[in-house]
>>> print(open('protein10.csv').read())   # CSV, C-alpha atoms
chain,number,residue,atom,x,y,z
A,19,MET,CA,0.0,0.0,0.0
A,20,PRO,CA,1.5,3.4,-0.9
A,21,LEU,CA,1.9,5.6,2.2
A,22,ARG,CA,2.0,9.3,2.5
A,23,VAL,CA,5.1,10.9,4.0
A,24,ASP,CA,4.5,14.6,4.5
A,25,LYS,CA,6.7,17.3,3.3
A,26,THR,CA,8.9,18.7,6.0
A,27,PHE,CA,9.0,22.3,7.3
A,28,ARG,CA,12.3,22.6,5.5
A,29,ASP,CA,10.4,21.9,2.3
A,30,ALA,CA,7.8,24.5,3.1
A,31,LEU,CA,10.5,27.1,3.8
A,32,ALA,CA,12.3,26.2,0.6
A,33,GLU,CA,9.1,26.7,-1.4
A,34,GLN,CA,8.6,30.1,0.3
A,35,LYS,CA,12.1,31.1,-0.8
A,36,GLN,CA,11.5,30.0,-4.4
A,37,LYS,CA,8.4,32.2,-4.6
A,38,GLY,CA,10.6,35.2,-3.7
A,39,GLN,CA,8.6,38.4,-3.4
A,40,ALA,CA,5.4,36.4,-4.2
A,41,GLY,CA,5.9,34.3,-1.1
A,42,ARG,CA,5.1,35.3,2.5
A,43,PRO,CA,6.3,34.5,6.0
A,44,LEU,CA,4.8,31.4,7.5
A,45,ALA,CA,2.6,32.2,10.5
A,46,GLY,CA,2.1,29.7,13.3
A,47,MET,CA,1.0,29.2,16.9
A,48,TRP,CA,1.9,27.3,20.0
A,49,VAL,CA,-0.1,24.2,21.0
A,50,CYS,CA,0.6,23.8,24.7
A,51,SER,CA,-2.5,22.3,26.2
A,52,GLY,CA,-1.6,18.7,25.7
A,53,SER,CA,-5.0,18.1,24.3
A,54,PRO,CA,-5.5,16.3,20.9
A,55,LEU,CA,-8.9,18.0,20.6
A,56,ILE,CA,-7.4,21.5,20.9
A,57,ALA,CA,-4.5,20.5,18.6
A,58,GLU,CA,-7.0,19.4,15.9
A,59,LEU,CA,-9.0,22.6,16.5
A,60,CYS,CA,-5.9,24.7,15.9
A,61,ALA,CA,-4.8,22.6,12.9
A,62,GLY,CA,-8.0,23.6,11.0
A,63,SER,CA,-7.5,27.3,11.7
A,64,GLY,CA,-5.8,28.1,8.4
A,65,LEU,CA,-2.4,28.8,10.0
A,66,ASP,CA,0.7,27.5,8.2
A,67,TRP,CA,2.3,25.7,11.2
A,68,LEU,CA,1.8,24.6,14.7
A,69,LEU,CA,4.4,24.1,17.5
A,70,VAL,CA,3.5,21.3,19.9
A,71,ASP,CA,5.6,22.1,23.0
A,72,ALA,CA,7.0,19.7,25.5
A,73,GLU,CA,9.5,22.0,27.2
A,74,HIS,CA,7.1,24.1,29.1
A,75,SER,CA,3.9,22.1,28.6
A,76,PRO,CA,2.4,18.9,30.0
A,77,ASN,CA,3.3,16.8,27.1
A,78,GLY,CA,4.7,13.2,27.2
A,79,LEU,CA,5.2,10.7,24.4
A,80,GLU,CA,1.6,9.5,24.5
A,81,SER,CA,0.0,13.0,24.3
A,82,ILE,CA,2.4,14.0,21.5
A,83,LEU,CA,1.5,10.9,19.5
A,84,ALA,CA,-2.2,11.6,20.0
A,85,GLN,CA,-1.7,15.2,18.8
A,86,LEU,CA,0.3,14.1,15.7
A,87,GLN,CA,-2.6,11.8,14.8
A,88,ALA,CA,-5.2,14.5,15.4
A,89,ILE,CA,-3.3,17.0,13.3
A,90,HIS,CA,-2.3,14.6,10.5
A,91,GLY,CA,-5.5,15.1,8.4
A,92,TYR,CA,-5.0,18.9,8.0
A,93,PRO,CA,-2.8,20.9,5.7
A,94,VAL,CA,-0.5,22.4,8.4
A,95,HIS,CA,3.1,21.7,9.3
A,96,THR,CA,3.7,20.4,12.8
A,97,LEU,CA,6.9,21.1,14.7
A,98,VAL,CA,7.5,19.6,18.1
A,99,ARG,CA,9.8,21.0,20.7
A,100,PRO,CA,11.4,18.5,23.1
A,101,PRO,CA,12.2,19.5,26.6
A,102,VAL,CA,16.0,19.2,26.0
A,103,ASN,CA,18.6,18.7,23.3
A,104,ASP,CA,19.0,15.0,24.2
A,105,THR,CA,19.8,12.1,21.9
A,106,VAL,CA,17.5,9.6,23.6
A,107,THR,CA,14.5,12.0,23.7
A,108,ILE,CA,15.0,13.0,20.1
A,109,LYS,CA,15.2,9.3,19.1
A,110,GLN,CA,11.8,8.7,20.8
A,111,TYR,CA,10.2,11.7,19.1
A,112,LEU,CA,11.4,10.7,15.7
A,113,ASP,CA,10.2,7.1,16.1
A,114,LEU,CA,6.8,8.5,17.1
A,115,GLY,CA,6.6,10.2,13.7
A,116,VAL,CA,7.8,13.7,14.6
A,117,GLN,CA,9.2,15.0,11.3
A,118,ASN,CA,10.0,18.6,12.3
A,119,LEU,CA,12.0,19.3,15.5
A,120,LEU,CA,12.5,22.6,17.2
A,121,VAL,CA,15.4,22.0,19.6
A,122,PRO,CA,15.7,24.4,22.5
A,123,MET,CA,18.7,26.1,24.1
A,124,VAL,CA,21.2,25.5,21.4
A,125,ASN,CA,24.1,27.7,22.5
A,126,SER,CA,27.1,26.5,20.5
A,127,VAL,CA,28.2,24.7,17.3
A,128,ALA,CA,28.8,21.5,19.3
A,129,GLU,CA,25.3,21.6,20.6
A,130,ALA,CA,23.9,22.2,17.1
A,131,GLU,CA,26.0,19.3,15.8
A,132,ALA,CA,24.7,17.1,18.6
A,133,ALA,CA,21.1,17.9,17.7
A,134,VAL,CA,21.6,17.0,14.0
A,135,ALA,CA,23.5,13.8,14.9
A,136,ALA,CA,20.6,12.7,17.0
A,137,THR,CA,18.4,12.7,13.9
A,138,ARG,CA,20.8,10.8,11.6
A,139,TYR,CA,21.4,7.1,11.5
A,140,PRO,CA,25.1,5.9,11.6
A,141,PRO,CA,27.5,6.6,10.1
A,142,GLU,CA,26.2,10.2,9.8
A,143,GLY,CA,24.8,10.3,13.3
A,144,VAL,CA,23.8,8.4,16.4
A,145,ARG,CA,20.1,7.7,16.0
A,146,GLY,CA,19.2,4.2,17.2
A,147,VAL,CA,17.6,1.9,14.6
A,148,GLY,CA,14.1,0.8,15.4
A,149,SER,CA,12.1,1.4,12.2
A,150,ALA,CA,10.4,-2.0,12.4
A,151,LEU,CA,8.9,-0.9,15.7
A,152,ALA,CA,8.2,2.8,14.9
A,153,ARG,CA,5.4,4.9,13.5
A,154,ALA,CA,8.0,7.0,11.7
A,155,ALA,CA,8.5,4.2,9.2
A,156,ARG,CA,4.9,3.0,9.5
A,157,TRP,CA,6.4,-0.2,10.9
A,158,ASN,CA,8.6,-0.7,7.9
A,159,ARG,CA,5.8,0.1,5.5
A,160,VAL,CA,7.6,3.2,4.1
A,161,PRO,CA,9.8,1.9,1.3
A,162,ASP,CA,13.6,2.5,2.0
A,163,TYR,CA,12.9,4.4,5.2
A,164,LEU,CA,16.3,3.8,6.6
A,165,ALA,CA,18.0,5.2,3.5
A,166,ARG,CA,15.5,8.1,3.1
A,167,ALA,CA,14.9,9.1,6.7
A,168,ASN,CA,16.9,12.3,6.4
A,169,GLU,CA,14.6,13.5,3.7
A,170,THR,CA,11.6,13.2,6.1
A,171,ILE,CA,13.1,15.2,9.0
A,172,SER,CA,13.9,18.9,9.5
A,173,VAL,CA,15.9,20.4,12.3
A,174,THR,CA,15.4,24.0,13.6
A,175,VAL,CA,17.5,25.1,16.5
A,176,GLN,CA,16.5,27.7,19.0
A,177,ILE,CA,18.7,30.7,19.7
A,178,GLU,CA,17.8,32.0,23.1
A,179,SER,CA,20.9,33.1,25.0
A,180,THR,CA,23.7,35.7,24.6
A,181,ALA,CA,26.1,32.8,24.0
A,182,ALA,CA,23.9,31.5,21.1
A,183,VAL,CA,23.6,35.0,19.6
A,184,GLU,CA,27.4,35.4,19.7
A,185,SER,CA,27.8,32.0,18.0
A,186,VAL,CA,24.8,32.3,15.6
A,187,ALA,CA,26.9,32.7,12.4
A,188,ASN,CA,28.8,29.5,13.1
A,189,ILE,CA,25.7,27.6,14.3
A,190,LEU,CA,24.1,28.5,10.9
A,191,LYS,CA,27.0,26.8,9.1
A,192,VAL,CA,26.3,23.4,10.7
A,193,ASP,CA,25.2,20.9,8.1
A,194,GLY,CA,21.8,19.7,8.9
A,195,VAL,CA,20.6,22.8,10.7
A,196,ASP,CA,17.7,23.8,8.4
A,197,ALA,CA,16.7,27.0,10.2
A,198,ILE,CA,17.0,28.9,13.4
A,199,PHE,CA,14.3,30.2,15.7
A,200,VAL,CA,14.9,33.1,18.1
A,201,GLY,CA,13.2,33.0,21.6
A,202,PRO,CA,13.2,36.6,22.9
A,203,SER,CA,12.0,35.6,26.4
A,204,ASP,CA,14.9,33.5,27.4
A,205,LEU,CA,17.2,35.7,25.4
A,206,ALA,CA,16.1,38.7,27.4
A,207,ALA,CA,16.6,36.8,30.7
A,208,SER,CA,20.2,35.8,29.7
A,209,MET,CA,20.8,39.5,29.0
A,210,GLY,CA,19.7,40.5,32.5
A,211,LEU,CA,16.4,41.8,31.2
A,212,LEU,CA,14.0,39.2,32.5
A,213,GLY,CA,10.5,39.8,31.2
A,214,GLN,CA,11.6,42.6,28.9
A,215,GLN,CA,11.3,41.0,25.5
A,216,GLU,CA,10.5,44.4,23.9
A,217,HIS,CA,13.7,46.0,25.3
A,218,PRO,CA,15.7,47.7,22.5
A,219,GLU,CA,18.8,45.6,23.3
A,220,VAL,CA,16.8,42.4,22.9
A,221,ARG,CA,15.4,43.6,19.6
A,222,THR,CA,18.8,44.4,18.4
A,223,ALA,CA,20.0,40.9,19.3
A,224,VAL,CA,17.1,39.3,17.5
A,225,GLU,CA,17.7,41.5,14.4
A,226,HIS,CA,21.4,40.4,14.5
A,227,CYS,CA,20.3,36.8,14.2
A,228,LEU,CA,17.9,37.5,11.4
A,229,THR,CA,20.6,39.3,9.5
A,230,ALA,CA,23.1,36.4,10.1
A,231,ALA,CA,20.5,33.9,8.8
A,232,LYS,CA,19.9,35.9,5.7
A,233,ALA,CA,23.7,36.1,5.1
A,234,ALA,CA,24.0,32.3,5.5
A,235,GLY,CA,21.0,31.7,3.2
A,236,LYS,CA,19.0,29.9,5.9
A,237,PRO,CA,15.6,30.7,7.2
A,238,ALA,CA,15.0,32.3,10.6
A,239,GLY,CA,11.9,32.6,12.7
A,240,VAL,CA,11.0,34.4,15.9
A,241,ASN,CA,8.4,34.3,18.7
A,242,ALA,CA,6.3,37.5,18.9
A,243,PHE,CA,2.8,37.6,20.4
A,244,ASN,CA,2.7,41.4,20.2
A,245,PRO,CA,1.4,42.3,16.7
A,246,GLY,CA,3.6,45.4,16.5
A,247,THR,CA,6.7,43.4,17.4
A,248,ALA,CA,5.7,40.6,15.0
A,249,ARG,CA,5.4,43.1,12.2
A,250,HIS,CA,8.8,44.6,13.2
A,251,TYR,CA,10.6,41.3,12.9
A,252,LEU,CA,8.8,40.4,9.7
A,253,ASP,CA,10.0,43.7,8.2
A,254,HIS,CA,13.5,42.7,9.3
A,255,GLY,CA,13.4,39.5,7.4
A,256,ALA,CA,11.8,36.8,9.6
A,257,ASN,CA,10.8,33.9,7.4
A,258,PHE,CA,8.4,32.3,9.9
A,259,ILE,CA,6.8,33.5,13.2
A,260,LEU,CA,4.8,32.3,16.1
A,261,VAL,CA,2.0,34.8,17.0
A,262,GLY,CA,-0.1,33.1,19.7
A,263,ALA,CA,-0.7,30.1,21.8
A,264,ASP,CA,-3.8,28.0,22.5
A,265,VAL,CA,-3.5,28.4,26.3
A,266,ALA,CA,-2.9,32.2,26.1
A,267,LEU,CA,-5.9,32.6,23.8
A,268,LEU,CA,-8.1,30.7,26.1
A,269,ALA,CA,-6.8,32.6,29.2
A,270,ARG,CA,-7.3,36.0,27.7
A,271,GLY,CA,-10.6,35.1,26.1
A,272,SER,CA,-12.1,33.7,29.4
A,273,GLU,CA,-10.8,36.8,31.2
A,274,THR,CA,-12.6,39.0,28.7
A,275,LEU,CA,-15.9,37.1,29.3
A,276,ALA,CA,-15.4,37.5,33.1
A,277,ALA,CA,-14.8,41.2,32.7
A,278,GLN,CA,-18.0,41.6,30.7
A,279,TYR,CA,-20.3,39.5,32.7
A,280,VAL,CA,-19.0,39.1,36.2
A,281,GLN,CA,-19.5,42.1,38.5
A,282,PRO,CA,-17.4,41.8,41.7
A,283,SER,CA,-19.2,42.7,44.9
A,284,ASP,CA,-17.6,44.2,48.0
A,285,GLY,CA,-17.8,40.8,49.8
A,286,ASP,CA,-15.9,38.9,47.1
A,287,THR,CA,-12.6,37.3,48.3
A,288,PRO,CA,-9.6,37.8,46.0
A,289,ALA,CA,-8.2,34.7,44.5
A,290,SER,CA,-4.9,33.5,46.1
A,291,TYR,CA,-1.9,32.2,44.1
>>> encode(input="protein10.csv", output="structure tokens")
Amino acid sequence: MPLRVDKTFRDALAEQKQKGQAGRPLAGMWVCSGSPLIAELCAGSGLDWLLVDAEHSPNGLESILAQLQAIHGYPVHTLVRPPVNDTVTIKQYLDLGVQNLLVPMVNSVAEAEAAVAATRYPPEGVRGVGSALARAARWNRVPDYLARANETISVTVQIESTAAVESVANILKVDGVDAIFVGPSDLAASMGLLGQQEHPEVRTAVEHCLTAAKAAGKPAGVNAFNPGTARHYLDHGANFILVGADVALLARGSETLAAQYVQPSDGDTPASY
């Protein structure tokens, strides 16, 4: 039976580049709830890509698998962020059928090389061979999966520290790094500007990474929930962007409902945290 292997996020970014001025940046959102139902709801939104997060969200192997299955029927690219740049964790994600990885906290060339090696079978890398047991190969139903596995996987590394910014030009040179993604929140924290993602020095650091990626001929993305900030980075060459999150949309939306319909009385007790 012929089986469908989806195009990777690398392929989508390459198609965007080929279109030149006729193309547009790819817009996406975080999926952090751990819910396959919410993941499917977001998959049908019309956005270009989703990021299923396991670094700061309650996601384990089983919930990631369920979300991959829920999203699979929709024309949207799915990236998954593991909690750490770890060979065993990445192996498990790939065997689940994750095709597009966003690897967090990549601060050096060595760490970028390790992330890529974790996605490659020997002799190119260190990925363990378990295709007969794995959804990635559809249990050896994908013809020549072992030989073609690299074609089915994309690697985006996250730049989110001052060390990473300083090394970004060399990180971009690592073979197998398909794109970089800048995380302004952790970057701001590493700069001593915790919670100040909009600080001019943080913006300058992000812009430096975008410029370096353009010079290297590789795509770069950034996280920006503020519409003005998102537009700023798009104007500075971001090829893809995250502009919201399922949990944040639900939190702000429910607060708006409460503000409209719940009138606090003098006897109400404030919530404690």
>>> residues_around(input="protein10.csv", residues="Ile171 (chain A)", least_positions_apart="2", cutoff="8 Å", atoms="only C-alpha atoms", output="number ranges by chain")
A: 26, 116-119, 137, 167-169, 173
>>> atom_distance(input="protein10.csv", atom1="CA of Asn257 (chain A)", atom2="CA of Arg166 (chain A)")
26.6 Å
>>> closest_residue(input="protein10.csv", among="A:Gly148, A:Tyr279, A:Leu228, A:Gly210", to="Ile177 (chain A)", atoms="all atoms listed in the file")
A:Leu228
>>> residues_around(input="protein10.csv", residues="region 262-278 of chain A", least_positions_apart="3", cutoff="7 Å", atoms="all atoms listed in the file", output="PyMOL selection string")
chain A and resi 47-51+243
>>> closest_residue(input="protein10.csv", among="A:Pro100, A:Pro218, A:Gly38, A:Gly239", to="Val200 (chain A)", atoms="all atoms listed in the file")
A:Gly239
>>> closest_residue(input="protein10.csv", among="A:Gly143, A:Pro101, A:Pro122, A:Pro43", to="His254 (chain A)", atoms="all atoms listed in the file")
A:Pro43
>>> decode(input="protein10.csv", residues="region 195-275 of chain A", atoms="C-alpha atoms", output="mmCIF file, in the first residue's frame")
data_model
loop_
_atom_site.group_PDB
_atom_site.id
_atom_site.type_symbol
_atom_site.label_atom_id
_atom_site.label_comp_id
_atom_site.auth_asym_id
_atom_site.auth_seq_id
_atom_site.Cartn_x
_atom_site.Cartn_y
_atom_site.Cartn_z
ATOM 1 C CA VAL A 195 20.604 22.802 10.698
ATOM 2 C CA ASP A 196 17.749 23.802 8.424
ATOM 3 C CA ALA A 197 16.678 26.970 10.240
ATOM 4 C CA ILE A 198 17.047 28.949 13.442
ATOM 5 C CA PHE A 199 14.291 30.222 15.711
ATOM 6 C CA VAL A 200 14.909 33.077 18.131
ATOM 7 C CA GLY A 201 13.242 33.018 21.557
ATOM 8 C CA PRO A 202 13.188 36.586 22.915
ATOM 9 C CA SER A 203 11.950 35.613 26.398
ATOM 10 C CA ASP A 204 14.924 33.487 27.413
ATOM 11 C CA LEU A 205 17.224 35.733 25.422
ATOM 12 C CA ALA A 206 16.065 38.720 27.448
ATOM 13 C CA ALA A 207 16.613 36.770 30.675
ATOM 14 C CA SER A 208 20.163 35.845 29.659
ATOM 15 C CA MET A 209 20.825 39.531 28.988
ATOM 16 C CA GLY A 210 19.727 40.483 32.511
ATOM 17 C CA LEU A 211 16.428 41.823 31.182
ATOM 18 C CA LEU A 212 13.999 39.225 32.536
ATOM 19 C CA GLY A 213 10.479 39.825 31.246
ATOM 20 C CA GLN A 214 11.595 42.624 28.910
ATOM 21 C CA GLN A 215 11.288 40.988 25.500
ATOM 22 C CA GLU A 216 10.534 44.382 23.934
ATOM 23 C CA HIS A 217 13.712 46.013 25.273
ATOM 24 C CA PRO A 218 15.737 47.719 22.502
ATOM 25 C CA GLU A 219 18.815 45.617 23.301
ATOM 26 C CA VAL A 220 16.780 42.413 22.924
ATOM 27 C CA ARG A 221 15.352 43.613 19.623
ATOM 28 C CA THR A 222 18.847 44.406 18.409
ATOM 29 C CA ALA A 223 20.028 40.898 19.305
ATOM 30 C CA VAL A 224 17.077 39.344 17.467
ATOM 31 C CA GLU A 225 17.740 41.505 14.425
ATOM 32 C CA HIS A 226 21.391 40.408 14.495
ATOM 33 C CA CYS A 227 20.264 36.775 14.243
ATOM 34 C CA LEU A 228 17.871 37.535 11.393
ATOM 35 C CA THR A 229 20.650 39.304 9.506
ATOM 36 C CA ALA A 230 23.076 36.432 10.105
ATOM 37 C CA ALA A 231 20.543 33.905 8.811
ATOM 38 C CA LYS A 232 19.936 35.921 5.667
ATOM 39 C CA ALA A 233 23.691 36.118 5.052
ATOM 40 C CA ALA A 234 23.959 32.341 5.510
ATOM 41 C CA GLY A 235 21.044 31.674 3.171
ATOM 42 C CA LYS A 236 19.033 29.894 5.852
ATOM 43 C CA PRO A 237 15.557 30.720 7.199
ATOM 44 C CA ALA A 238 15.029 32.341 10.570
ATOM 45 C CA GLY A 239 11.944 32.602 12.739
ATOM 46 C CA VAL A 240 10.992 34.379 15.933
ATOM 47 C CA ASN A 241 8.382 34.283 18.666
ATOM 48 C CA ALA A 242 6.306 37.479 18.913
ATOM 49 C CA PHE A 243 2.803 37.645 20.378
ATOM 50 C CA ASN A 244 2.683 41.427 20.215
ATOM 51 C CA PRO A 245 1.373 42.329 16.716
ATOM 52 C CA GLY A 246 3.600 45.392 16.460
ATOM 53 C CA THR A 247 6.671 43.394 17.416
ATOM 54 C CA ALA A 248 5.712 40.613 15.025
ATOM 55 C CA ARG A 249 5.418 43.094 12.167
ATOM 56 C CA HIS A 250 8.777 44.641 13.151
ATOM 57 C CA TYR A 251 10.578 41.302 12.903
ATOM 58 C CA LEU A 252 8.799 40.384 9.684
ATOM 59 C CA ASP A 253 9.974 43.681 8.227
ATOM 60 C CA HIS A 254 13.498 42.739 9.321
ATOM 61 C CA GLY A 255 13.436 39.478 7.403
ATOM 62 C CA ALA A 256 11.845 36.807 9.600
ATOM 63 C CA ASN A 257 10.753 33.913 7.389
ATOM 64 C CA PHE A 258 8.408 32.344 9.928
ATOM 65 C CA ILE A 259 6.833 33.468 13.162
ATOM 66 C CA LEU A 260 4.778 32.303 16.135
ATOM 67 C CA VAL A 261 2.016 34.768 16.952
ATOM 68 C CA GLY A 262 -0.081 33.108 19.660
ATOM 69 C CA ALA A 263 -0.722 30.088 21.840
ATOM 70 C CA ASP A 264 -3.780 27.969 22.534
ATOM 71 C CA VAL A 265 -3.522 28.408 26.306
ATOM 72 C CA ALA A 266 -2.906 32.156 26.066
ATOM 73 C CA LEU A 267 -5.897 32.644 23.756
ATOM 74 C CA LEU A 268 -8.121 30.698 26.142
ATOM 75 C CA ALA A 269 -6.804 32.551 29.198
ATOM 76 C CA ARG A 270 -7.306 36.020 27.706
ATOM 77 C CA GLY A 271 -10.634 35.082 26.139
ATOM 78 C CA SER A 272 -12.052 33.725 29.378
ATOM 79 C CA GLU A 273 -10.827 36.817 31.225
ATOM 80 C CA THR A 274 -12.631 39.003 28.699
ATOM 81 C CA LEU A 275 -15.861 37.095 29.343
#
